[in-house]
Structures are given as structure tokens and as C-alpha cells.
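So this one's target.txt, compact mmCIF, C-alpha atoms:
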# COMPACT_ATOMS: atom_id res chain seq x y z
CA MET A 22 -4.38 82.21 -13.88
CA LEU A 23 -4.18 84.01 -10.52
CA VAL A 24 -0.68 85.22 -11.36
CA GLY A 25 -1.87 86.62 -14.66
CA VAL A 26 -4.84 88.44 -13.13
CA SER A 27 -2.65 89.89 -10.40
CA ALA A 28 -0.16 91.15 -12.96
CA ALA A 29 -3.01 92.83 -14.83
CA LEU A 30 -4.49 94.50 -11.73
CA LEU A 31 -1.27 95.82 -10.21
CA PRO A 32 -0.91 98.82 -12.50
CA THR A 33 -4.44 100.01 -11.56
CA LEU A 34 -3.71 99.51 -7.86
CA PHE A 35 -0.63 101.75 -7.95
CA HIS A 36 -1.59 104.26 -10.66
CA ASP A 37 -1.54 107.33 -8.33
CA GLY A 38 2.28 107.42 -8.37
CA SER A 39 2.57 107.75 -4.62
CA LEU A 40 5.34 105.14 -4.69
CA SER A 41 8.63 105.34 -6.41
CA PRO A 42 9.27 102.99 -9.36
CA ASP A 43 11.57 100.78 -7.26
CA GLU A 44 9.05 100.48 -4.44
CA THR A 45 6.30 99.75 -6.91
CA SER A 46 8.40 96.97 -8.53
CA ALA A 47 9.21 95.40 -5.17
CA LEU A 48 5.63 95.53 -4.02
CA ARG A 49 4.48 94.06 -7.30
CA TRP A 50 6.92 91.17 -6.89
CA ARG A 51 5.71 90.47 -3.36
CA VAL A 52 2.11 90.39 -4.49
CA LEU A 53 3.00 87.99 -7.31
CA MET A 54 4.82 85.69 -4.86
CA ALA A 55 1.86 85.70 -2.47
CA VAL A 56 -0.58 84.94 -5.23
CA GLY A 57 1.68 82.13 -6.54
CA PHE A 58 1.95 80.65 -3.09
CA CYS A 59 -1.83 80.72 -2.71
CA GLY A 60 -2.18 78.98 -6.07
CA MET A 61 0.19 76.21 -5.05
CA MET A 62 -1.68 75.80 -1.76
CA TRP A 63 -4.93 75.51 -3.69
CA ILE A 64 -3.46 72.85 -5.97
CA SER A 65 -2.15 70.85 -2.96
CA VAL A 66 -5.50 71.04 -1.21
CA ALA A 67 -7.24 69.90 -4.38
CA ALA A 68 -4.81 66.97 -4.77
CA ILE A 69 -5.34 65.93 -1.15
CA ALA A 70 -9.08 66.14 -1.51
CA LEU A 71 -8.96 64.14 -4.74
CA SER A 72 -6.83 61.40 -3.16
CA TYR A 73 -9.17 61.35 -0.17
CA PHE A 74 -12.15 60.67 -2.40
CA LEU A 75 -10.34 58.19 -4.71
CA ALA A 76 -8.66 56.14 -1.92
CA PRO A 77 -11.82 54.22 -0.95
CA LEU A 78 -12.36 53.25 -4.56
CA HIS A 79 -8.76 51.94 -4.81
CA HIS A 80 -9.02 50.00 -1.55
CA LYS A 81 -12.37 48.64 -2.64
CA ALA A 82 -10.83 47.26 -5.86
CA ILE A 83 -7.98 45.64 -3.92
CA GLY A 84 -10.45 44.24 -1.39
CA GLU A 85 -12.59 42.67 -4.11
CA GLN A 86 -9.53 40.97 -5.62
CA ALA A 87 -8.37 39.66 -2.26
CA LYS A 88 -11.89 38.47 -1.49
CA THR A 89 -12.05 36.61 -4.82
CA GLU A 90 -8.66 34.98 -4.20
CA PHE A 91 -9.73 33.99 -0.68
CA LYS A 92 -12.99 32.47 -1.93
CA THR A 93 -11.10 30.51 -4.61
CA ALA A 94 -8.55 29.19 -2.09
CA LEU A 95 -11.32 28.33 0.37
CA ALA A 96 -13.27 26.45 -2.32
CA GLU A 97 -10.15 24.47 -3.24
CA ARG A 98 -9.45 23.55 0.38
CA THR A 99 -13.07 22.59 0.93
CA HIS A 100 -12.96 20.33 -2.13
CA GLU A 101 -9.74 18.70 -0.91
CA VAL A 102 -11.22 18.04 2.54
CA GLN A 103 -14.42 16.61 1.05
CA GLN A 104 -12.46 14.31 -1.26
CA LEU A 105 -10.25 13.15 1.61
CA LEU A 106 -13.34 12.39 3.72
CA GLU A 107 -14.90 10.47 0.83
CA PHE A 108 -11.66 8.53 0.30
CA SER A 109 -11.45 7.70 4.01
CA GLN A 110 -15.04 6.43 4.08
CA ILE A 111 -14.49 4.29 0.98
CA ILE A 112 -11.37 2.53 2.22
CA GLN A 113 -12.77 2.02 5.71
CA GLY A 114 -15.54 -0.01 4.11
CA ALA A 115 -13.06 -2.06 2.06
CA GLY A 116 -12.42 -5.60 3.17
CA LYS A 117 -9.41 -6.38 0.99
CA PRO A 118 -6.04 -4.60 0.55
CA ASP A 119 -6.40 -4.63 -3.25
CA GLN A 120 -9.55 -2.51 -2.95
CA ILE A 121 -7.64 0.06 -0.90
CA PHE A 122 -4.75 0.18 -3.38
CA ALA A 123 -7.17 0.68 -6.29
CA SER A 124 -8.98 3.51 -4.45
CA LEU A 125 -5.69 5.16 -3.51
CA GLY A 126 -4.53 5.13 -7.12
CA HIS A 127 -7.85 6.56 -8.36
CA PHE A 128 -7.96 9.47 -5.91
CA LEU A 129 -4.27 10.35 -6.29
CA GLN A 130 -4.58 10.51 -10.07
CA ALA A 131 -7.82 12.52 -10.00
CA GLU A 132 -6.91 15.04 -7.30
CA LEU A 133 -3.27 15.65 -8.28
CA LYS A 134 -3.96 15.59 -12.05
CA LEU A 135 -1.16 13.08 -12.56
CA ALA A 136 0.19 12.02 -15.94
CA GLY A 137 1.21 8.63 -14.56
CA LEU A 138 1.01 6.62 -11.37
CA SER A 139 2.11 3.24 -10.10
CA ILE A 140 1.70 1.59 -6.70
CA LEU A 141 4.10 -1.31 -6.21
CA SER A 142 4.58 -3.77 -3.37
CA TYR A 143 7.68 -5.75 -2.49
CA GLU A 144 7.82 -8.85 -0.28
CA ALA A 145 11.13 -10.69 -0.20
CA ASP A 146 9.55 -14.01 0.81
CA SER A 147 6.86 -14.01 -1.88
CA ILE A 148 7.02 -15.28 -5.46
CA PRO A 149 7.11 -12.99 -7.36
CA SER A 150 8.55 -10.61 -4.82
CA ALA A 151 7.35 -7.44 -6.61
CA THR A 152 3.74 -6.91 -7.73
CA ILE A 153 1.76 -4.04 -9.29
CA LYS A 154 -1.09 -2.95 -7.04
CA ALA A 155 -2.37 -0.04 -9.20
CA SER A 156 -1.23 1.87 -12.29
CA TYR A 157 -2.31 4.72 -14.58
CA PRO A 158 -2.56 4.79 -17.53
CA THR A 159 -3.27 1.15 -18.28
CA ASP A 160 -0.31 0.93 -20.68
CA LEU A 161 2.13 2.55 -18.26
CA PHE A 162 4.46 -0.46 -18.03
CA ARG A 163 6.51 -1.48 -21.05
CA ALA A 164 5.87 -4.85 -22.66
CA ASP A 165 9.55 -5.33 -23.52
CA ARG A 166 10.71 -4.69 -19.95
CA PRO A 167 8.81 -6.99 -17.56
CA PHE A 168 8.17 -5.43 -14.20
CA THR A 169 9.20 -8.63 -12.41
CA ASP A 170 12.73 -8.04 -13.67
CA MET A 171 12.94 -4.75 -11.76
CA ASP A 172 15.33 -4.68 -8.83
CA CYS A 173 13.37 -2.98 -6.05
CA ALA A 174 16.55 -2.72 -3.99
CA SER A 175 17.77 -0.07 -6.45
CA CYS A 176 14.81 2.22 -5.65
CA PRO A 177 16.22 5.07 -3.49
CA SER A 178 12.90 5.63 -1.72
CA LEU A 179 12.50 1.98 -0.72
CA ARG A 180 16.12 1.67 0.29
CA GLN A 181 16.05 4.79 2.50
CA ASN A 182 12.34 4.52 3.40
CA LEU A 183 11.93 8.26 2.74
CA PRO A 184 9.89 10.27 0.20
CA ARG A 185 11.98 11.51 -2.67
CA GLN A 186 11.48 13.87 -5.61
CA PHE A 187 13.08 13.26 -8.99
CA LYS A 188 13.35 16.39 -11.14
CA PRO A 189 13.57 16.17 -14.94
CA ALA A 190 16.99 17.78 -15.01
CA GLY A 191 18.10 16.48 -11.64
CA CYS A 192 20.54 13.86 -10.44
CA PRO A 193 21.14 10.91 -12.83
CA VAL A 194 20.44 8.50 -9.95
CA ARG A 195 16.73 7.85 -10.46
CA CYS A 196 14.15 5.30 -9.39
CA SER A 197 14.47 1.94 -11.13
CA ILE A 198 10.76 2.12 -11.98
CA ASP A 199 11.64 4.57 -14.77
CA GLU A 200 13.23 1.69 -16.68
CA CYS A 201 9.94 -0.23 -16.80
CA ILE A 202 7.44 2.48 -17.75
CA THR A 203 6.52 4.24 -20.98
CA LEU A 204 6.66 7.79 -19.55
CA GLY A 205 10.11 9.35 -19.80
CA ALA A 206 12.34 11.16 -17.35
CA GLU A 207 11.00 14.54 -18.54
CA HIS A 208 8.11 14.05 -16.08
CA SER A 209 8.80 15.33 -12.59
CA SER A 210 8.15 12.39 -10.25
CA TYR A 211 7.69 11.91 -6.52
CA CYS A 212 8.03 8.59 -4.66
CA ILE A 213 6.37 7.90 -1.30
CA PRO A 214 7.33 4.63 0.45
CA PHE A 215 5.51 3.01 3.36
CA ASN A 216 5.34 -0.35 5.14
CA VAL A 217 2.38 -2.64 5.72
CA GLY A 218 3.21 -5.01 8.53
CA ARG A 219 6.65 -6.50 8.92
CA LYS A 220 7.08 -7.97 5.44
CA MET A 221 5.46 -5.76 2.80
CA GLN A 222 7.09 -2.59 1.45
CA VAL A 223 5.01 -0.33 -0.79
CA VAL A 224 6.03 2.63 -2.94
CA CYS A 225 3.78 5.14 -4.75
CA HIS A 226 5.50 6.50 -7.87
CA LEU A 227 3.68 9.70 -8.95
CA MET A 228 4.41 11.62 -12.17
CA LEU A 229 3.19 15.11 -13.10
CA PRO A 230 2.56 16.30 -16.68
CA VAL A 231 5.58 17.70 -18.53
CA GLY A 232 6.42 21.24 -17.43
CA GLN A 233 4.86 20.99 -13.97
CA GLU A 234 6.83 20.75 -10.73
CA TRP A 235 6.04 19.35 -7.32
CA THR A 236 5.06 22.07 -4.85
CA ASP A 237 4.93 21.66 -1.09
CA ASP A 238 1.12 21.69 -1.23
CA LEU A 239 1.04 18.85 -3.79
CA LYS A 240 3.52 16.79 -1.77
CA GLN A 241 1.54 17.33 1.42
CA LEU A 242 -1.74 16.35 -0.26
CA ALA A 243 -0.20 13.19 -1.73
CA GLN A 244 1.32 12.27 1.64
CA THR A 245 -2.05 12.77 3.35
CA TYR A 246 -3.74 10.32 0.98
CA VAL A 247 -0.94 7.79 1.49
CA ASN A 248 -1.06 8.15 5.29
CA THR A 249 -4.83 7.61 5.29
CA ALA A 250 -4.48 4.46 3.19
CA THR A 251 -1.56 3.21 5.28
CA SER A 252 -3.52 3.29 8.54
CA THR A 253 -6.35 1.24 7.01
CA LEU A 254 -3.96 -1.23 5.36
CA VAL A 255 -2.12 -1.73 8.65
CA SER A 256 -5.43 -2.38 10.43
CA LEU A 257 -6.42 -4.98 7.83
CA ASN A 258 -2.99 -6.59 8.11
CA LEU A 259 -3.27 -6.81 11.89
CA LEU A 260 -6.70 -8.42 11.58
CA ALA A 261 -5.37 -10.88 9.01
CA GLU A 262 -2.40 -11.70 11.24
CA ALA A 263 -4.66 -12.22 14.24
CA GLU A 264 -6.96 -14.47 12.22
CA LYS A 265 -3.98 -16.37 10.85
CA GLN A 266 -2.55 -16.89 14.33
CA SER A 267 -5.88 -18.18 15.56
CA MET A 268 -6.02 -20.68 12.69
CA THR A 269 -2.39 -21.82 12.52
CA ASP A 270 -0.08 -23.79 14.71
CA PRO A 271 2.64 -21.46 16.06
CA LEU A 272 5.41 -24.08 15.87
CA THR A 273 4.90 -25.48 12.37
CA GLY A 274 2.94 -22.70 10.67
CA LEU A 275 0.38 -25.24 9.41
CA PHE A 276 -3.34 -24.96 10.11
CA ASN A 277 -4.34 -26.06 13.60
CA ARG A 278 -7.09 -28.45 14.59
CA ARG A 279 -9.43 -25.59 15.46
CA SER A 280 -9.49 -24.42 11.85
CA MET A 281 -9.74 -27.92 10.41
CA ASP A 282 -13.48 -28.33 10.95
CA HIS A 283 -14.34 -25.11 9.12
CA LEU A 284 -11.95 -25.57 6.19
CA MET A 285 -12.58 -29.29 5.73
CA GLU A 286 -16.36 -28.91 5.82
CA ARG A 287 -16.01 -26.47 2.95
CA GLU A 288 -13.91 -28.92 0.92
CA VAL A 289 -16.38 -31.73 1.58
CA ALA A 290 -19.24 -29.49 0.43
CA LEU A 291 -17.36 -28.52 -2.76
CA SER A 292 -16.62 -32.16 -3.50
CA GLU A 293 -20.31 -33.02 -3.06
CA ARG A 294 -21.50 -30.11 -5.20
CA HIS A 295 -19.14 -30.53 -8.16
CA GLY A 296 -18.61 -34.28 -7.96
CA ASN A 297 -14.82 -33.91 -7.69
CA PRO A 298 -12.68 -36.43 -5.82
CA LEU A 299 -11.33 -35.56 -2.39
CA SER A 300 -8.58 -37.52 -0.63
CA LEU A 301 -7.54 -37.29 2.99
CA VAL A 302 -4.13 -38.23 4.39
CA MET A 303 -3.30 -38.88 8.05
CA ILE A 304 0.38 -38.96 9.01
CA ASP A 305 2.17 -39.99 12.19
CA MET A 306 5.90 -39.61 12.96
CA ASP A 307 7.35 -42.98 13.89
CA LYS A 308 8.84 -43.24 17.40
CA PHE A 309 8.54 -39.50 17.90
CA LYS A 310 8.07 -39.85 21.67
CA GLU A 311 11.30 -41.83 21.98
CA ILE A 312 13.25 -39.18 20.08
CA ASN A 313 11.63 -36.44 22.11
CA ASP A 314 12.45 -38.16 25.40
CA SER A 315 16.00 -39.13 24.43
CA HIS A 316 17.14 -35.92 22.74
CA GLY A 317 14.93 -33.28 24.32
CA HIS A 318 12.00 -31.16 23.26
CA ALA A 319 14.21 -28.99 21.04
CA ALA A 320 14.97 -32.03 18.91
CA GLY A 321 11.28 -32.89 18.72
CA ASP A 322 10.40 -29.35 17.69
CA HIS A 323 13.06 -29.48 15.00
CA LEU A 324 11.51 -32.66 13.59
CA LEU A 325 8.05 -31.10 13.48
CA LYS A 326 9.26 -27.93 11.78
CA ALA A 327 11.32 -29.91 9.27
CA PHE A 328 8.26 -31.97 8.36
CA ALA A 329 6.17 -28.82 7.93
CA ASP A 330 8.81 -27.43 5.56
CA CYS A 331 8.61 -30.62 3.49
CA VAL A 332 4.84 -30.26 3.35
CA ARG A 333 5.10 -26.70 2.03
CA ILE A 334 7.64 -27.75 -0.57
CA THR A 335 5.78 -30.75 -1.98
CA LEU A 336 2.09 -29.82 -1.76
CA ARG A 337 0.06 -27.60 -4.07
CA LYS A 338 -1.38 -24.25 -3.01
CA THR A 339 -4.89 -25.72 -3.09
CA ASP A 340 -3.95 -28.49 -0.63
CA LEU A 341 -4.56 -28.03 3.10
CA ALA A 342 -2.25 -29.28 5.85
CA PHE A 343 -3.21 -29.42 9.54
CA ARG A 344 -1.39 -30.29 12.73
CA TYR A 345 -3.93 -32.70 14.14
CA GLY A 346 -2.24 -33.08 17.51
CA GLY A 347 1.24 -33.89 18.87
CA ASP A 348 3.08 -35.64 16.04
CA GLU A 349 -0.02 -36.35 13.93
CA PHE A 350 -0.92 -34.40 10.80
CA VAL A 351 -3.87 -34.36 8.40
CA ILE A 352 -3.60 -33.32 4.74
CA ALA A 353 -6.58 -32.64 2.46
CA LEU A 354 -6.04 -33.08 -1.28
CA PRO A 355 -8.96 -31.54 -3.23
CA GLN A 356 -9.67 -32.82 -6.75
CA THR A 357 -7.29 -35.71 -6.13
CA SER A 358 -8.06 -39.38 -6.64
CA ILE A 359 -6.60 -42.11 -4.45
CA THR A 360 -3.96 -42.93 -7.08
CA MET A 361 -2.79 -39.31 -7.29
CA ALA A 362 -2.88 -39.08 -3.49
CA GLN A 363 -0.45 -41.99 -3.25
CA GLN A 364 1.95 -40.20 -5.58
CA CYS A 365 1.73 -37.04 -3.46
CA VAL A 366 2.51 -38.83 -0.21
CA GLN A 367 5.43 -40.67 -1.82
CA LYS A 368 6.95 -37.30 -2.81
CA LEU A 369 6.43 -36.11 0.75
CA ARG A 370 8.13 -39.21 2.17
CA GLN A 371 11.08 -38.75 -0.17
CA ALA A 372 11.47 -35.09 0.79
CA PHE A 373 11.38 -35.93 4.50
CA ALA A 374 13.87 -38.78 4.07
CA ALA A 375 16.29 -36.41 2.34
CA VAL A 376 16.46 -34.07 5.36
CA ASP A 377 19.77 -34.22 7.22
CA PHE A 378 19.06 -34.17 10.97
CA SER A 379 22.62 -34.97 12.09
CA SER A 380 23.58 -31.32 12.65
CA ALA A 381 20.53 -30.60 14.82
CA ILE A 382 20.13 -33.96 16.61
CA THR A 383 23.31 -35.71 17.71
CA ASN A 384 23.62 -39.46 18.13
CA LEU A 385 20.42 -40.16 16.24
CA GLU A 386 20.38 -43.92 15.74
CA GLN A 387 18.23 -43.96 12.61
CA PRO A 388 16.56 -41.27 10.48
CA PRO A 389 12.96 -40.42 11.38
CA THR A 390 10.24 -42.07 9.27
CA LEU A 391 6.52 -41.59 8.60
CA SER A 392 3.49 -43.86 8.80
CA ILE A 393 0.69 -42.74 6.48
CA GLY A 394 -2.96 -43.65 5.96
CA VAL A 395 -4.87 -42.48 2.86
CA VAL A 396 -8.57 -42.48 2.02
CA GLU A 397 -10.71 -41.10 -0.80
CA ARG A 398 -14.21 -39.74 -0.29
CA SER A 399 -16.60 -42.36 -1.60
CA LYS A 400 -20.36 -42.83 -1.41
CA GLN A 401 -19.91 -46.47 -2.34
CA HIS A 402 -17.88 -47.13 0.81
CA ASN A 403 -20.01 -44.76 2.91
CA VAL A 404 -17.11 -42.40 3.43
CA VAL A 405 -18.90 -39.11 2.75
CA THR A 406 -18.77 -36.80 5.75
CA LEU A 407 -15.72 -35.27 7.41
CA GLN A 408 -16.15 -37.60 10.39
CA ASN A 409 -16.24 -40.62 8.02
CA LEU A 410 -13.06 -39.44 6.27
CA LEU A 411 -11.15 -38.89 9.53
CA ALA A 412 -12.23 -42.26 10.91
CA ALA A 413 -11.27 -44.09 7.70
CA ALA A 414 -7.89 -42.34 7.46
CA ASP A 415 -7.22 -43.21 11.10
CA LEU A 416 -7.92 -46.89 10.39
CA ALA A 417 -5.54 -46.83 7.43
CA LEU A 418 -2.89 -45.18 9.62
CA TYR A 419 -3.38 -47.88 12.26
CA ASP A 420 -2.75 -50.50 9.58
CA ALA A 421 0.48 -48.71 8.58
CA LYS A 422 1.70 -48.71 12.18
CA ALA A 423 0.78 -52.36 12.57
CA ALA A 424 2.83 -53.14 9.47
CA ASN A 425 6.06 -52.13 11.23
CA ARG A 426 5.63 -48.43 10.38
CA ASN A 427 7.44 -46.40 7.68
CA CYS A 428 4.85 -47.23 5.03
CA VAL A 429 1.64 -46.07 3.32
CA ARG A 430 -1.69 -47.88 3.66
CA ILE A 431 -4.90 -47.25 1.72
CA TYR A 432 -8.22 -47.48 3.51
CA THR A 433 -10.05 -50.71 2.83
CA PRO A 434 -13.68 -50.92 3.97
CA PRO A 435 -14.38 -53.80 6.35
CA GLN A 436 -15.78 -56.91 4.71
CA ALA A 437 -19.22 -58.10 5.73
CA ALA A 438 -19.19 -61.26 7.81
In C-alpha cells, how does this file's structure come out?
Amino acid sequence: MLVGVSAALLPTLFHDGSLSPDETSALRWRVLMAVGFCGMMWISVAAIALSYFLAPLHHKAIGEQAKTEFKTALAERTHEVQQLLEFSQIIQGAGKPDQIFASLGHFLQAELKLAGLSILSYEADSIPSATIKASYPTDLFRADRPFTDMDCASCPSLRQNLPRQFKPAGCPVRCSIDECITLGAEHSSYCIPFNVGRKMQVVCHLMLPVGQEWTDDLKQLAQTYVNTATSTLVSLNLLAEAEKQSMTDPLTGLFNRRSMDHLMEREVALSERHGNPLSLVMIDMDKFKEINDSHGHAAGDHLLKAFADCVRITLRKTDLAFRYGGDEFVIALPQTSITMAQQCVQKLRQAFAAVDFSSAITNLEQPPTLSIGVVERSKQHNVVTLQNLLAAADLALYDAKAANRNCVRIYTPPQAA
């Protein structure tokens, strides 16, 4: 616009003809250039002013977005911390490992939005060796592929004792758990192994919904839950081990005399309440002192441990075996009549007689034998309390020893004069 106005005014400015046509043309061109330059300067100044006024609005919009994202991230972190604190408080109040495993499975599934989850334990010395501690959903494991058939040694995480991710389109070497569950390999899975004590191995097998992948944040959150549960499980295991050591004989692994009063009083009370029979067995190793003196304490210890192994093989899980002192043992047989008790001790004698001691004890003149006294709790014979049972079983054992040992004698109440 300025250029146009200048072009219109120039003829009136130089109408007197004092300049030659060439000078007038040159001057006109210079004026047009100056006006054009001023116009461009005005446009630049206007653009700078406009950007100056619009910049705060742009930064304000970006700031609001960043603030919203920050608030969202902060709310998520706060929720995670609160849930972790709640989980920690719950498991610290738990008194049994199964309660901790169930809580761990619940929180992992809820917080990680898992499609499937299984927590499995493996103990080589237990039967069965592998057990399911927690699972989601309830029909996760296939009915046609029993979990007990799974070979835990083929689990890469358990074998290496390291967390491992299994991608849907990843390596064909996958966890053996996949063969026992209904969810397919299209789910991205993550395994976290850990140990509880010296014997139990545990693995958490976590599966995301189809199409989702494990991020570092998800892995870290899952590992935090597992670490929290592990510390509590280890504490419970240590307490259980300490309690077990205080109640068991270190040489034989059977209950010690200290624990006998507590456990036997309970069995006597149950027998009284439900009217079930209760038999007590007292056992003494024949000529144990002679073997111990002739062949050394190592030979005597071997005899005691061999007998304890026979006890574990022949008795039921509900039966209780105690090392009463030295080479004497007491066995409680709940819900067992005197006739059934005789059958049990005969099986025990046969198992002990079948043990070959020749490799551990050289020059043993004759195989070790057992003298056994048996009594059944009876109101008729005034054998009701624990003290009555122990005294009666001791009398029956004395009769067995008096009968040249290596035999079983049943308690017979003394006849009135």
C-alpha cells in the first residue's frame, strides 16, 4: 500500500521540471526502495510483536499438558506405593506360607492386569515334589495334562535361578508350565524364581493379555512384590525351622522328649473327647550299650538313625514318634486299637530286621533287635492320663526285656491279691 501511495505522490512532488527525466526516474526509484524497505521493517516488527504476545499462550498450553501428565504419573506411583504398603501389612500379619502365596497372587493379578498367573513350588524331597500355591483364572491348568507330571527341571528360570521373559514370537525354548495351562504361547509371559529356605524353589509365572508386552516398569513392579513376599516367607521358614529344631532330636530327626508332653497331651485330650482309641508303644534297642562300647559311638549313631528311618517308612503321617532318651523311643498311634498297634510294631520290627548293618558296622556278631511294650488307653484298666500310659508301656517293655528281649509284650494290669 505504501509503495502504491508513493508512486501516486511522486509526480506531484517533481512536477516543476527542475530535474531532468533521468534524474527524476532515479529519484523515484530510490524513494520506492526506501518505502518498500520501511514496509518490510513494519511487517517484521509486527511479526515479532505478534510472536511476543502469542508465545506465553503457547507455553501455557504446553505447561498445562505437562502438568496433567505429571499429575497422572504421580497418581499412578502413589497408587502403586499404597498397594505395596497394603500388601506388606497383609503378609506381615499372615501366619502361614499359603496365606502369603494367595495374597501375592491376588495383588500381582490386580496391579499388573494379568491374563493368567501361577505360583508353583518345587521340593525334591516332598511327595508330590511340585505343588500349585496360587493360580488365576481358576481353570488355568488343563485337566488332561496333570500338573504333577510337569518336569520342573525343564523350567529355564528355575534351572538358572534368574527372571526370564518369554515373548510370543520368541525362542522356541519356553517354560514347561506352558504345556500344563489353557492359555497359549501368544501371551507374553515373565517368570520370576526365588528360594524359600534350603529346600523349596518357587516360580511366579505371569502372563499379560494378548498384544501387550512386558516393560521395564512392569517387570520392576512384579519383582518388588515378589521380593516383599520372599522376605516374609523366609522369616516364617526360619521360625518354623527354629521351632522344629527345638522340638526334634538332631540325630534321628524324630520328636524329642521336650515336645512329647505337649503333643501327647493333645492326643490324650482328643481321644477323651471323641472316644477314639489311642495306643502307646515303648521301644528299646537290645544290647545297644554293648554295641556302642565295642564298635564306637559312630556305630551307635548309625543304629539310631537307621531305626528312625524305619519308623518314617512304616508309620502313618498321623502317628508320632519320639526319642525318649538314649536308645529308648516312644510311638503314639492315634485312633489305633491294641490289635492294630501290634500289627504296626510287627511291620516296624520287620523293616528294622531287613536293614543291612554289615557295611557300616564291621564284625557285628548278631543283627540288632528290638524289645517293645504296647498299651492301649483304657478307663477300665485306669490307664487314662499320659503318665498312666507311659508307666504301663514301661511295664510292658520290662516284661519284653525279661523274656529274653527281641519280642513284643502287651500291657496286662496287675491282678488284685
Open item on the list: Would you pick out the contacts of Arg195 of chain A at 9 Å or less, using all atoms listed in the file, so that residues sharing its chain but fewer than 5 positions from it are not included, and give the list as number ranges by chain?
Closed with: A: 175-177, 187, 206
- [ ] In Å, rounded to a single decimal, give me how far atom CA of Tyr211 of chain A is from atom CA of Ala96 of chain A.
- [x] 25.9 Å
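Atom pair atom CA of Ala372 of chain A / atom CA of Pro388 of chain A has a distance of 12.6 Å (rounded to one decimal).
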- [ ] Skip Leu239 of chain A itself and residues of its chain fewer than 2 positions away, then list as a ChimeraX atom specification all residues within 12 Å of it, counting only C-alpha atoms.
- [x] /A:101,129-130,132-135,186,210-211,227-229,233-237,241-246
Open item on the list: I'd like to know which of A:Leu299, A:Arg430, A:Val255, A:Ile312 is closest to Thr406 of chain A, using all atoms listed in the file.
Closed with: A:Leu299
Could you model N, CA and C atoms for segment 133-153 of chain A and present them as a PDB file, in the coordinates of the input?
ATOM      1  N   LEU A 133      -4.564  15.032  -7.979  1.00  0.00           N
ATOM      2  CA  LEU A 133      -3.270  15.650  -8.280  1.00  0.00           C
ATOM      3  C   LEU A 133      -3.065  15.867  -9.772  1.00  0.00           C
ATOM      4  N   LYS A 134      -4.042  15.436 -10.588  1.00  0.00           N
ATOM      5  CA  LYS A 134      -3.960  15.590 -12.050  1.00  0.00           C
ATOM      6  C   LYS A 134      -2.652  14.985 -12.583  1.00  0.00           C
ATOM      7  N   LEU A 135      -2.417  13.729 -12.220  1.00  0.00           N
ATOM      8  CA  LEU A 135      -1.160  13.080 -12.560  1.00  0.00           C
ATOM      9  C   LEU A 135      -1.157  12.588 -14.003  1.00  0.00           C
ATOM     10  N   ALA A 136       0.026  12.601 -14.608  1.00  0.00           N
ATOM     11  CA  ALA A 136       0.190  12.020 -15.940  1.00  0.00           C
ATOM     12  C   ALA A 136       0.420  10.520 -15.853  1.00  0.00           C
ATOM     13  N   GLY A 137       0.949  10.057 -14.749  1.00  0.00           N
ATOM     14  CA  GLY A 137       1.210   8.630 -14.560  1.00  0.00           C
ATOM     15  C   GLY A 137       1.311   8.302 -13.088  1.00  0.00           C
ATOM     16  N   LEU A 138       0.993   7.054 -12.767  1.00  0.00           N
ATOM     17  CA  LEU A 138       1.010   6.620 -11.370  1.00  0.00           C
ATOM     18  C   LEU A 138       1.198   5.111 -11.314  1.00  0.00           C
ATOM     19  N   SER A 139       1.974   4.673 -10.346  1.00  0.00           N
ATOM     20  CA  SER A 139       2.110   3.240 -10.100  1.00  0.00           C
ATOM     21  C   SER A 139       2.283   3.008  -8.605  1.00  0.00           C
ATOM     22  N   ILE A 140       1.588   1.997  -8.100  1.00  0.00           N
ATOM     23  CA  ILE A 140       1.700   1.590  -6.700  1.00  0.00           C
ATOM     24  C   ILE A 140       2.235   0.156  -6.710  1.00  0.00           C
ATOM     25  N   LEU A 141       3.405  -0.029  -6.150  1.00  0.00           N
ATOM     26  CA  LEU A 141       4.100  -1.310  -6.210  1.00  0.00           C
ATOM     27  C   LEU A 141       4.360  -1.825  -4.809  1.00  0.00           C
ATOM     28  N   SER A 142       4.274  -3.141  -4.652  1.00  0.00           N
ATOM     29  CA  SER A 142       4.580  -3.770  -3.370  1.00  0.00           C
ATOM     30  C   SER A 142       5.750  -4.720  -3.539  1.00  0.00           C
ATOM     31  N   TYR A 143       6.493  -4.887  -2.462  1.00  0.00           N
ATOM     32  CA  TYR A 143       7.680  -5.750  -2.490  1.00  0.00           C
ATOM     33  C   TYR A 143       7.703  -6.584  -1.213  1.00  0.00           C
ATOM     34  N   GLU A 144       7.697  -7.902  -1.390  1.00  0.00           N
ATOM     35  CA  GLU A 144       7.820  -8.850  -0.280  1.00  0.00           C
ATOM     36  C   GLU A 144       8.906  -9.852  -0.641  1.00  0.00           C
ATOM     37  N   ALA A 145       9.975  -9.852   0.130  1.00  0.00           N
ATOM     38  CA  ALA A 145      11.130 -10.690  -0.200  1.00  0.00           C
ATOM     39  C   ALA A 145      10.797 -12.172  -0.183  1.00  0.00           C
ATOM     40  N   ASP A 146       9.853 -12.588   0.677  1.00  0.00           N
ATOM     41  CA  ASP A 146       9.550 -14.010   0.810  1.00  0.00           C
ATOM     42  C   ASP A 146       8.508 -14.504  -0.182  1.00  0.00           C
ATOM     43  N   SER A 147       7.913 -13.607  -0.954  1.00  0.00           N
ATOM     44  CA  SER A 147       6.860 -14.010  -1.880  1.00  0.00           C
ATOM     45  C   SER A 147       7.424 -14.262  -3.278  1.00  0.00           C
ATOM     46  N   ILE A 148       6.646 -14.997  -4.072  1.00  0.00           N
ATOM     47  CA  ILE A 148       7.020 -15.280  -5.460  1.00  0.00           C
ATOM     48  C   ILE A 148       5.820 -14.915  -6.343  1.00  0.00           C
ATOM     49  N   PRO A 149       5.946 -13.875  -7.224  1.00  0.00           N
ATOM     50  CA  PRO A 149       7.110 -12.990  -7.360  1.00  0.00           C
ATOM     51  C   PRO A 149       7.186 -12.009  -6.191  1.00  0.00           C
ATOM     52  N   SER A 150       8.360 -11.496  -5.970  1.00  0.00           N
ATOM     53  CA  SER A 150       8.550 -10.610  -4.820  1.00  0.00           C
ATOM     54  C   SER A 150       7.928  -9.235  -5.055  1.00  0.00           C
ATOM     55  N   ALA A 151       7.902  -8.757  -6.299  1.00  0.00           N
ATOM     56  CA  ALA A 151       7.350  -7.440  -6.610  1.00  0.00           C
ATOM     57  C   ALA A 151       6.065  -7.592  -7.418  1.00  0.00           C
ATOM     58  N   THR A 152       5.019  -6.854  -7.027  1.00  0.00           N
ATOM     59  CA  THR A 152       3.740  -6.910  -7.730  1.00  0.00           C
ATOM     60  C   THR A 152       3.203  -5.500  -7.929  1.00  0.00           C
ATOM     61  N   ILE A 153       2.396  -5.325  -8.979  1.00  0.00           N
ATOM     62  CA  ILE A 153       1.760  -4.040  -9.290  1.00  0.00           C
ATOM     63  C   ILE A 153       0.397  -4.018  -8.620  1.00  0.00           C
TER      64      ILE A 153
END
